[in-house]
Amino acid sequence: MRNSDIPRHALVFGASGLVGRHLVLALARAGAHVTAAVRTAESGARVDRWLREHGLTGSIHTAIVDFDAPEVLPGGAAAFMHITEIHNCAGVYRFGMTAEDARSANVGIVERLIDLAAKLPRLQRLVHISGYRVGGQDPATIPWSEDHHAAMYEELGAYEASKVESDAIFQALATARGIPWTIVNPSSVIGDSETGESDQFIGLPATIEQLWDGTATALPGDDSTFLPVVTVDYFAAFMAAAAIDPDAAGRAYWVLDDATPPLADLLADAARHLGAKVPRLRVPVAVITRLPQWVTKADPETLGFMSSDRYPTASAVELAERHGLRMPDVHASLERWVDHLAAHRFGAAPQGDRRFTDAGGVRTFELGAPGSDRLLLPGLPVNADTWAGVATGIDARAVDLPGLGLSGGSGVQDWERWLPAVLGPGATDLIGHSLGAAAAVRAADRMPERIASLTLVAPFFLQAPGGAWTRLRPFVAAALRHTDAGALSRRLTGSESCAAALESSAHDLRRRTAGRVAAQLAAAPSPRWRAELRDALMRFDGPVRIITGGDDPLAPHEAERLAALPNVELVTIPGAGHHPQLTHADALIGLLTPVSRVSAAREATGL
């Protein structure tokens with residue numbers, strides 16, 4: 001039983017991982033003193049920064065761990081005599097490892113931690129993460145014979161076998177050395193129940209990514225295939241509670257949401273939520289296991305997780321109820337998690353504030369400062385990601401227009417209901433590029449009272465019309481669908497130097513937007529539409545600035561007419577083309593200041 005007179009001091013191994021970070025946060029919020037064991041000082045700094053970003057005002061301690069050193073922590077056990085609980089979130093979750101690497105990572109760590117735990121006189125609980133498919137091993141089988149060891153690693157694969165072995169070894173060694181222990185067996189851990197936040201992209205996320213990018217041709221499993229999930233915040237809270245629950249000593253708990261939909265339904269719901277095509281074909285697990293990997297696109301080690309088995313969750317439910325823990329709604333949690341995965345492009349764009357919002361019923365992708373009154377509307381054929389650096393530089397948010405980038409909707413026909421919602425509640429400094437300039441002018445014309453200033457970057461309707469090739473929609477769509485980032489960079493900037501910045505735009509074109517981009521490119525030369533946009537711009541009497549590249553000027557007669565207007569400033573960036581956010585971002589950031597300061601910015605940049 002826990003001695004409540006002793007202050008709670010928790011030592012968390014694997015503190016920089018997904019579960020570890022959330023556990024440190026949960027423990028600190030519960031009033032525990034926390035030491036985060038991390039592998040490098042840089043990792044510790046990242047954990048500390050993450051905790052501050054997630055609202056932790058107090059401080060934690062960090063310690064550098066080295067499982068290959070004589071003492072796993074600096075100073076050995078003598079430096080940690082105050083510790084009352086240890087949480088083991090360490091280990092390696094990766095498929096394709098060798099048996100030696102997997103055993104060293106997952107079994108070796110357990111052995112070292114038990115050696116440490118046995119030397120801590122105030123230790124009241126050692127909590128170990130095992131797994132829902134590997135928990136419940138018989139410690140009496142330890143040590144494994146060489147034949148049994150070889151058979152298990154051959155049958156299960158290195159990762160799962162190492163987790164099976166470590167579960168049995170943990171129980172055997174901890175019991176033999178008199179260490180009070182608790183095992184938690186989580187299912188697939190998904191993102192935070194409120195934000196969806198997760199940085200884990202293997203396993204189930206990889207399958208969802210295949211649906212998202214259109215490479216999945218079938219859904220795995222049938223109505224009985226059960227791959228349960230649990231949100232990371234709930235799991236962390238459960239671990240924090242189990243560590244001080246007297247009845248949890250010497251017990252293992254299966255922590256998962258029994259309400260998780262069958263796997264095929266879960267994946268179909270995820271695809272529909274992302275606006276992706278749902279494959280009609282469903283392939284039973286028995287068939288999948290017999291197919292070659294190049295057909296299934298699945299790591300063989302993941303196939304064992306696709307099962308109809310159910311798990312003994314009653315004791316975990318009872319513990320949660322004792323501590324007032326409530327399982328979050330699984331459907332809402334899954335949608336938030338899937339949104340986070342897609343917003344961060346399944347790990348390809350891990351940094352930055354990125355999210356999906358609902359704007360007038362249109363699922364809209366947005367990056368940058370949430371709630372900012374400075375709004376960037378990108379043009380064709382690129383997405384909001386190409387404006388991320390500029391958005392950060394001016395504390396703005398950038399959104400993908402309907403039907404483009406990661407946003408839902410169909411295109412220009414959505415603007416009427418979308419624009420009022422995307423502007424936000426206050427007066428907005430609205431910045432539109434190319435096609436986005438047309439949307440910006442539409443908003444300024446319909447809602448002038450909500451526009452503080454209007455900035456147009458390379459507004460196509462004030463420039464010479466594009467070539468006749470843009471009207472060949474099927475050919476343009478096909479070309480865009482088969483382009484790569486290097487070719488797109490050459491087309492837009494004249495060189496491949498911006499290929500990295502255009503990788504996500506090329507991916508979007510291949511995945512879903514090429515047809516919509518082609519349709520809107522075909523509409524751009526319309527004399528009627530261009531005239532309507534010019535007339536709408538002339539009606540707006542608020543402050544306007546127009547920024548063009550020296551190699552992509554306004555039509556001479558338009559430049560002359562606009563230069564005569566008292567509310568309009570014309571600015572040229574020497575050497576820039578139609579996409580200055582790619583080639584001249586610093587100059588553009590310097591110019592995208594409030595309109596009253598445009599002249600000063602021009603002087604400062606020498607433009």
# chains A, B, ... in the order shown; residues from 1 in each chain; ligands from 1
>>> residues_around(residues="A:Thr455", least_positions_apart="6", cutoff="7 Å", atoms="only C-alpha atoms", output="ChimeraX atom specification")
/A:430-432,544-546
>>> residues_around(residues="A:Cys498", least_positions_apart="2", cutoff="7 Å", atoms="only C-alpha atoms", output="MDAnalysis selection string")
chainID A and resid 489 496 500:502 582
>>> residues_around(residues="A:Leu126", least_positions_apart="5", cutoff="6 Å", atoms="only C-alpha atoms", output="ChimeraX atom specification")
/A:85-86,181
>>> residues_around(residues="A:Ala15", least_positions_apart="5", cutoff="10 Å", atoms="only C-alpha atoms", output="number ranges by chain")
A: 20-25, 35-39, 43-44, 47, 62, 87-90
>>> select_by_dssp(residues="stretch 366-494 of chain A", states="strand (DSSP E)", output="count of residues only")
23
>>> closest_residue(among="A:Gln351, A:Arg103, A:Arg112, A:Asp339", to="A:Leu73", atoms="only C-alpha atoms")
A:Arg112
>>> select_by_dssp(residues="stretch 351-558 of chain A", states="helix (DSSP H, G or I)", output="MDAnalysis selection string")
chainID A and resid 384:393 412:423 435:446 448:450 460:462 468:471 473:481 485:493 500:523 527:539 556:558
>>> closest_residue(among="A:Ile6, A:Pro246, A:Asn185, A:His61", to="A:Arg122", atoms="only C-alpha atoms")
A:Ile6
>>> closest_atom_pairs(of="stretch 86-176 of chain A", to="stretch 255-274 of chain A", cutoff="12 Å", atoms="only C-alpha atoms", output="JSON lines")
{"residue": "A:Ile129", "atom": "CA", "partner": "A:Val255", "partner_atom": "CA", "distance": 10.4}
{"residue": "A:Ser130", "atom": "CA", "partner": "A:Val255", "partner_atom": "CA", "distance": 10.6}
{"residue": "A:Gly131", "atom": "CA", "partner": "A:Val255", "partner_atom": "CA", "distance": 9.0}
{"residue": "A:Tyr132", "atom": "CA", "partner": "A:Val255", "partner_atom": "CA", "distance": 7.6}
{"residue": "A:Arg133", "atom": "CA", "partner": "A:Val255", "partner_atom": "CA", "distance": 11.4}
{"residue": "A:Gly135", "atom": "CA", "partner": "A:Val255", "partner_atom": "CA", "distance": 10.9}
>>> closest_atom_pairs(of="stretch 365-407 of chain A", to="stretch 416-427 of chain A", cutoff="12 Å", atoms="only C-alpha atoms", output="JSON lines")
{"residue": "A:Phe365", "atom": "CA", "partner": "A:Val422", "partner_atom": "CA", "distance": 10.6}
{"residue": "A:Glu366", "atom": "CA", "partner": "A:Val422", "partner_atom": "CA", "distance": 9.7}
{"residue": "A:Pro370", "atom": "CA", "partner": "A:Gly424", "partner_atom": "CA", "distance": 10.4}
{"residue": "A:Gly371", "atom": "CA", "partner": "A:Gly424", "partner_atom": "CA", "distance": 7.2}
{"residue": "A:Ser372", "atom": "CA", "partner": "A:Gly424", "partner_atom": "CA", "distance": 8.4}
{"residue": "A:Asp373", "atom": "CA", "partner": "A:Ala427", "partner_atom": "CA", "distance": 6.8}
{"residue": "A:Arg374", "atom": "CA", "partner": "A:Leu423", "partner_atom": "CA", "distance": 9.0}
{"residue": "A:Leu375", "atom": "CA", "partner": "A:Leu423", "partner_atom": "CA", "distance": 7.4}
{"residue": "A:Leu376", "atom": "CA", "partner": "A:Leu423", "partner_atom": "CA", "distance": 10.2}
{"residue": "A:Leu377", "atom": "CA", "partner": "A:Val422", "partner_atom": "CA", "distance": 10.2}
{"residue": "A:Arg397", "atom": "CA", "partner": "A:Val422", "partner_atom": "CA", "distance": 10.5}
{"residue": "A:Ala398", "atom": "CA", "partner": "A:Val422", "partner_atom": "CA", "distance": 10.3}
{"residue": "A:Val399", "atom": "CA", "partner": "A:Val422", "partner_atom": "CA", "distance": 8.6}
{"residue": "A:Asp400", "atom": "CA", "partner": "A:Val422", "partner_atom": "CA", "distance": 10.6}
{"residue": "A:Leu401", "atom": "CA", "partner": "A:Trp418", "partner_atom": "CA", "distance": 9.0}
{"residue": "A:Pro402", "atom": "CA", "partner": "A:Trp418", "partner_atom": "CA", "distance": 7.9}
{"residue": "A:Gly403", "atom": "CA", "partner": "A:Trp418", "partner_atom": "CA", "distance": 11.5}
{"residue": "A:Ser407", "atom": "CA", "partner": "A:Trp418", "partner_atom": "CA", "distance": 11.3}
